[in-house]
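Below is one structure, written out as structure tokens; the observations come after it.
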Amino acid sequence: MIDTLRQTWNRFLALFRRASLDADLDAEIAGHLEEAIEDNVRAGMTPEEARRQALIRFGGVTQAVETQRDARGLPFLDTLRQDARYAVRAMRRDPAFSAVVVLVLALGIGANVAVFSVVNTILLRPLAFRDPGRLVWFTTNEGKGGLSGTTYTVAALEEFERHNRSFQEVATFQPFYNSVEYKLTGRGEPVSLEAVEVSGNFFPMLGVEPLIGRQFTTDESRKGGPPAVLLSYPFWQRQFGGDPAIVGRTLTIQTPFKYLPGPVTIAGVIPPSFDFGSMFAPGKNVDIFVPAYMDFWRTWGNTLAAIGRLKPGVSLAQAQAESNVLFPQLRAQHKDWYEDYKSTYSLLQDHVSGKLRRTLFVLWCAVGLLLLIVCINVSNLLLARGMSRGKELAMRTALGAGRGRLIRQLLTESLLLSGIGATLGLAVAWALTFALARQNQMALPLLSTVRLDAAALAWTAVIAIAVAAIFGLAPALRMSVGNLHELLKDGGAGMSQGRRHERLRSALVVAEIALACVLLVGSGLLLRSFLRLLDVDLGFQPAHVAAMKIEINDNDNGARRGVLIKQILDRVRALPGVEAVGTTDMLPLDRNRSWALIAKENLNDKRDHPAFAYVVSPGYLEAMGMRLRRGSDISWRDRVDTQCSVVINEAGARREWPGQDPIGRLAYGPCRDAARVIGVISDVRESSLEDRANTQMYVPMTQADPEGMELVVRTRLAIATLDPPVLSILRQLNASQPRTQFRPVQTVVDHAVSPRRFLMMLVTAFAFFGLLLASLGIYGVISYSVTRRSQEIGIRMALGASAARVQMGIVSQTLRLTLIGIACGGAASFAIARAIRSLLYGTQPTDPLVFAGVLLVLAAVALLAGHIPARRASHIDPMTVLRGL
Amino acid sequence: MSKERLELLQGTLDLMVLQTLAGMGQLHGYGIARRIEQASGNQVLLNQGTIYASLVRLQQRGWIAAEWGVSDNNRKARFYAITPRGRKQLAEDAANWRRLSDLMNRMLTAPEGAGQ
């Protein structure tokens, strides 16, 4: 064993000492022969005979040297080195060809590695927490009813934590985000901060350690304790230039409700590896983390999202079983709870990325198909070049290269091509992932952490080798069998050889068309779904509407709030170009929360009557372009001291007063006392574009407390031009108004459709790349066929065939290939379309428009690709051909 | 070359070289080849050149050592000698070889159909 290792090591070393070992051997053999000759002469031979006999007994100097070299070195590596050197030479000889192949490979591999990185980040890689397999996300109410429906009260969680035996601990955060507004002052212009309130054990339980500084202390996590915040890494960089000395210093942060009373200590900085927004609220950039004071949130109803850490050895199913029993028991003891908080558990990883599993899987398959097309295309190119290299290979065969040796040689060339392609592909992938990680308009979790890592590098290597094997094998097998005699003749490839070649290439092109067809159908279906989604009646008109976060110092006084908002609205409406204006606390598709809306007649009903609640000003409905169906809008006559009014949507009217006119009816939920329904609007898609609207209600901001405030303006002007005048109006009324700007409401809609747009755009890009490659393939094959048959075509034309007839012949050949490809691809698409049914919206997997469109596109592209060689064929001069015979 | 000469079995040459060196001390390549031919009574079909592949193999395994020296005829030549590990290996291989050849002898001398 040791000796074998030693031998292998020595053989390896020998690779680098070739010259000196060869010199030694030559000297040794020369000495050997001289000794032998001398012996022979001594035995009485003539010098010539002595030399001849010595050489015979020696048995061939070259063979001896070769066998010794094979024995002492690693012949495999030796050949590889030879092959590689030869492959580099072959590439250099045809730089244009090599460049095309490498480029096609780089794009194909680059796209694959980039998609792999996304899939790996979102689905495969465990979350960057301590022991993430034991972190569990809590959902209640079967995930229905918006945030308010799926969150917990402080009391419910405390009771659960006290009694359950499955979880080591439970940590929470407050996912309504803007319930408390934070404003950094005392450092120049006031800056409003994006914050999230987290329980004291949130970071310790996840296993996230501050980059610098420390966690919140128990004292700091308690209401009335010393105020403290943790900074997010980007905010620390942006606001404090990454100054480590800032930790331990204090900030002045203004908050309502005296949430953070007095100077706030900076406890530490959260490392960049934890991006709260990308995990729990894609698109949100958190500036600071604030302790969630349980004694503060206790009175706020359902406000907390919960994550638990399972005890070691407890399975998710066991925890679920316990919860199914425990929550109803707790409810029985606490009659004052809103609900029993029956919970559904999922692993945190599944909660974060589970919804995207199918989307990403489809994307992965699509990019894999693309890679297959790339392989087939390169295979075809290699075959095409193989024809011109036929002589070279025949020469090598004639000089003694075996078939296996030739195949190895050709595969080495493939590997070199794919290796260079993969290297460039890595650059492509790096650029793609860089771009993806840096755009935050997309509602895809964890996207900001996408990067090329070791797994991606390994995947690249796997792909490069697999690709080389796939695209290199067919040409290598085909090219290594050649009729020596025919190839070495001056005429190049003979007829039969050429035809066999053409058949293989045609088969490859058919496969390429079929794959492109599948990709096109997939992208067509996704595109159509996307267009259908954009056609959805949102219930509001996002175009030309913009919203701006504003601050109202109303001290929770509805009357004062009414006065302040009226002043702001009157002045903003007076600005030139402003068509309509209003305020709301939450925008549709953005944040949401729900209260109850129950008709007076239904008060005995024990079921939940949740309704999404929006606290709005007069004019908001008009500014958003929401449509009043009956009754009237909220007006300035709805004051603190008048009866509560509410505008509901049609879904709410159907639920509470089916078949009746709701106008003038009384309902409970919106305000402290009964509210009168004064208007009904068309349904607004509030949670997603795909889902039908739930019950919604719009309550006057004088009669209910808003959570935050958005100023909504409808204007035809470029929205940025309104920033300065509106800000100056706000500052005149409220000197401490932080800097703020309008964002188009369309961005909220775009954010909501972004995962679908992401999938659609990528698959479409892959499909078009695939189509381009397929058309190149068609062109190559038809073009080759025309070249090969130019004699035949010339003779036909000499015998009277018209140019049109010749063209027809070529075009019909093209069409035949295309139709076979479409037939195969169509059948495959049919099956595959069913598999992506759940990703479609308002589109059948068998959508005839998509299938017909793909058929037309493929046929048109194929005809175009075949037309060029067809024209060339029809321009063949019969006389030239006949003279050449 | 007469038909009666033996083709060497794979691996036997290495063993012959080891045995030769064990018996004769230091030898150069030509000397080893001649010695094997003589010892076999010129029965072995040996292309003398093949000895060099065997020599480099044994050397890389650490069973023989080589150094440059001067031959009897005053020529520069590479001399090979067996190492202690080589002797150990030789003993093992020789024992194996004897067992194998005994076995083959028994098989081939057994009466036809024996054991049925």
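Labeling convention for the structure tokens: chains A, B, ... as they appear, residues from 1 per chain, ligands from 1 in order of appearance.
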
Exercise for review: List every residue of range 619-830 of chain A that DSSP, applied to the backbone of this structure, assigns to strand (DSSP E or B), and report them as a PyMOL selection string.
Suggested key: chain A and resi 628-631+644-649+666-668+675-681+696-700+710-715+743-744

Dump as a PDB file, in the first residue's frame, selection limited to C-alpha atoms:
ATOM      1  CA  LEU A 628     -68.412  55.200  -5.460  1.00  0.00           C
ATOM      2  CA  ARG A 629     -71.290  52.899  -6.455  1.00  0.00           C
ATOM      3  CA  ARG A 630     -74.017  54.310  -4.243  1.00  0.00           C
ATOM      4  CA  GLY A 631     -74.463  56.764  -1.437  1.00  0.00           C
ATOM      5  CA  CYS A 644     -69.694  57.743  12.990  1.00  0.00           C
ATOM      6  CA  SER A 645     -69.886  57.237   9.211  1.00  0.00           C
ATOM      7  CA  VAL A 646     -68.373  54.454   7.198  1.00  0.00           C
ATOM      8  CA  VAL A 647     -67.937  53.712   3.496  1.00  0.00           C
ATOM      9  CA  ILE A 648     -67.772  49.998   2.717  1.00  0.00           C
ATOM     10  CA  ASN A 649     -67.012  48.014  -0.396  1.00  0.00           C
ATOM     11  CA  LEU A 666     -75.925  50.571  11.244  1.00  0.00           C
ATOM     12  CA  ALA A 667     -72.812  48.479  11.834  1.00  0.00           C
ATOM     13  CA  TYR A 668     -70.383  47.872  14.689  1.00  0.00           C
ATOM     14  CA  ALA A 675     -71.475  53.516  12.558  1.00  0.00           C
ATOM     15  CA  ARG A 676     -73.850  54.425   9.739  1.00  0.00           C
ATOM     16  CA  VAL A 677     -73.034  53.153   6.254  1.00  0.00           C
ATOM     17  CA  ILE A 678     -73.077  56.203   3.970  1.00  0.00           C
ATOM     18  CA  GLY A 679     -71.534  54.833   0.789  1.00  0.00           C
ATOM     19  CA  VAL A 680     -70.501  51.724  -1.118  1.00  0.00           C
ATOM     20  CA  ILE A 681     -67.492  51.601  -3.446  1.00  0.00           C
ATOM     21  CA  GLN A 696     -63.166  46.738   3.413  1.00  0.00           C
ATOM     22  CA  MET A 697     -64.244  49.865   5.220  1.00  0.00           C
ATOM     23  CA  TYR A 698     -63.173  53.485   5.046  1.00  0.00           C
ATOM     24  CA  VAL A 699     -63.565  55.424   8.285  1.00  0.00           C
ATOM     25  CA  PRO A 700     -63.225  59.226   8.663  1.00  0.00           C
ATOM     26  CA  GLU A 710     -50.091  59.135   3.695  1.00  0.00           C
ATOM     27  CA  LEU A 711     -50.882  62.224   1.667  1.00  0.00           C
ATOM     28  CA  VAL A 712     -52.289  61.074  -1.676  1.00  0.00           C
ATOM     29  CA  VAL A 713     -52.227  63.394  -4.685  1.00  0.00           C
ATOM     30  CA  ARG A 714     -53.580  62.913  -8.192  1.00  0.00           C
ATOM     31  CA  THR A 715     -51.694  64.997 -10.727  1.00  0.00           C
ATOM     32  CA  ARG A 743     -43.643  57.818  -4.431  1.00  0.00           C
ATOM     33  CA  PRO A 744     -45.921  56.834  -7.310  1.00  0.00           C
TER      34      PRO A 744
END

**Study point:** Distance filter 9 Å, only C-alpha atoms, chain B against chain A, as a ChimeraX atom specification
**Key:** /B:28-31,46-63,73,75-78
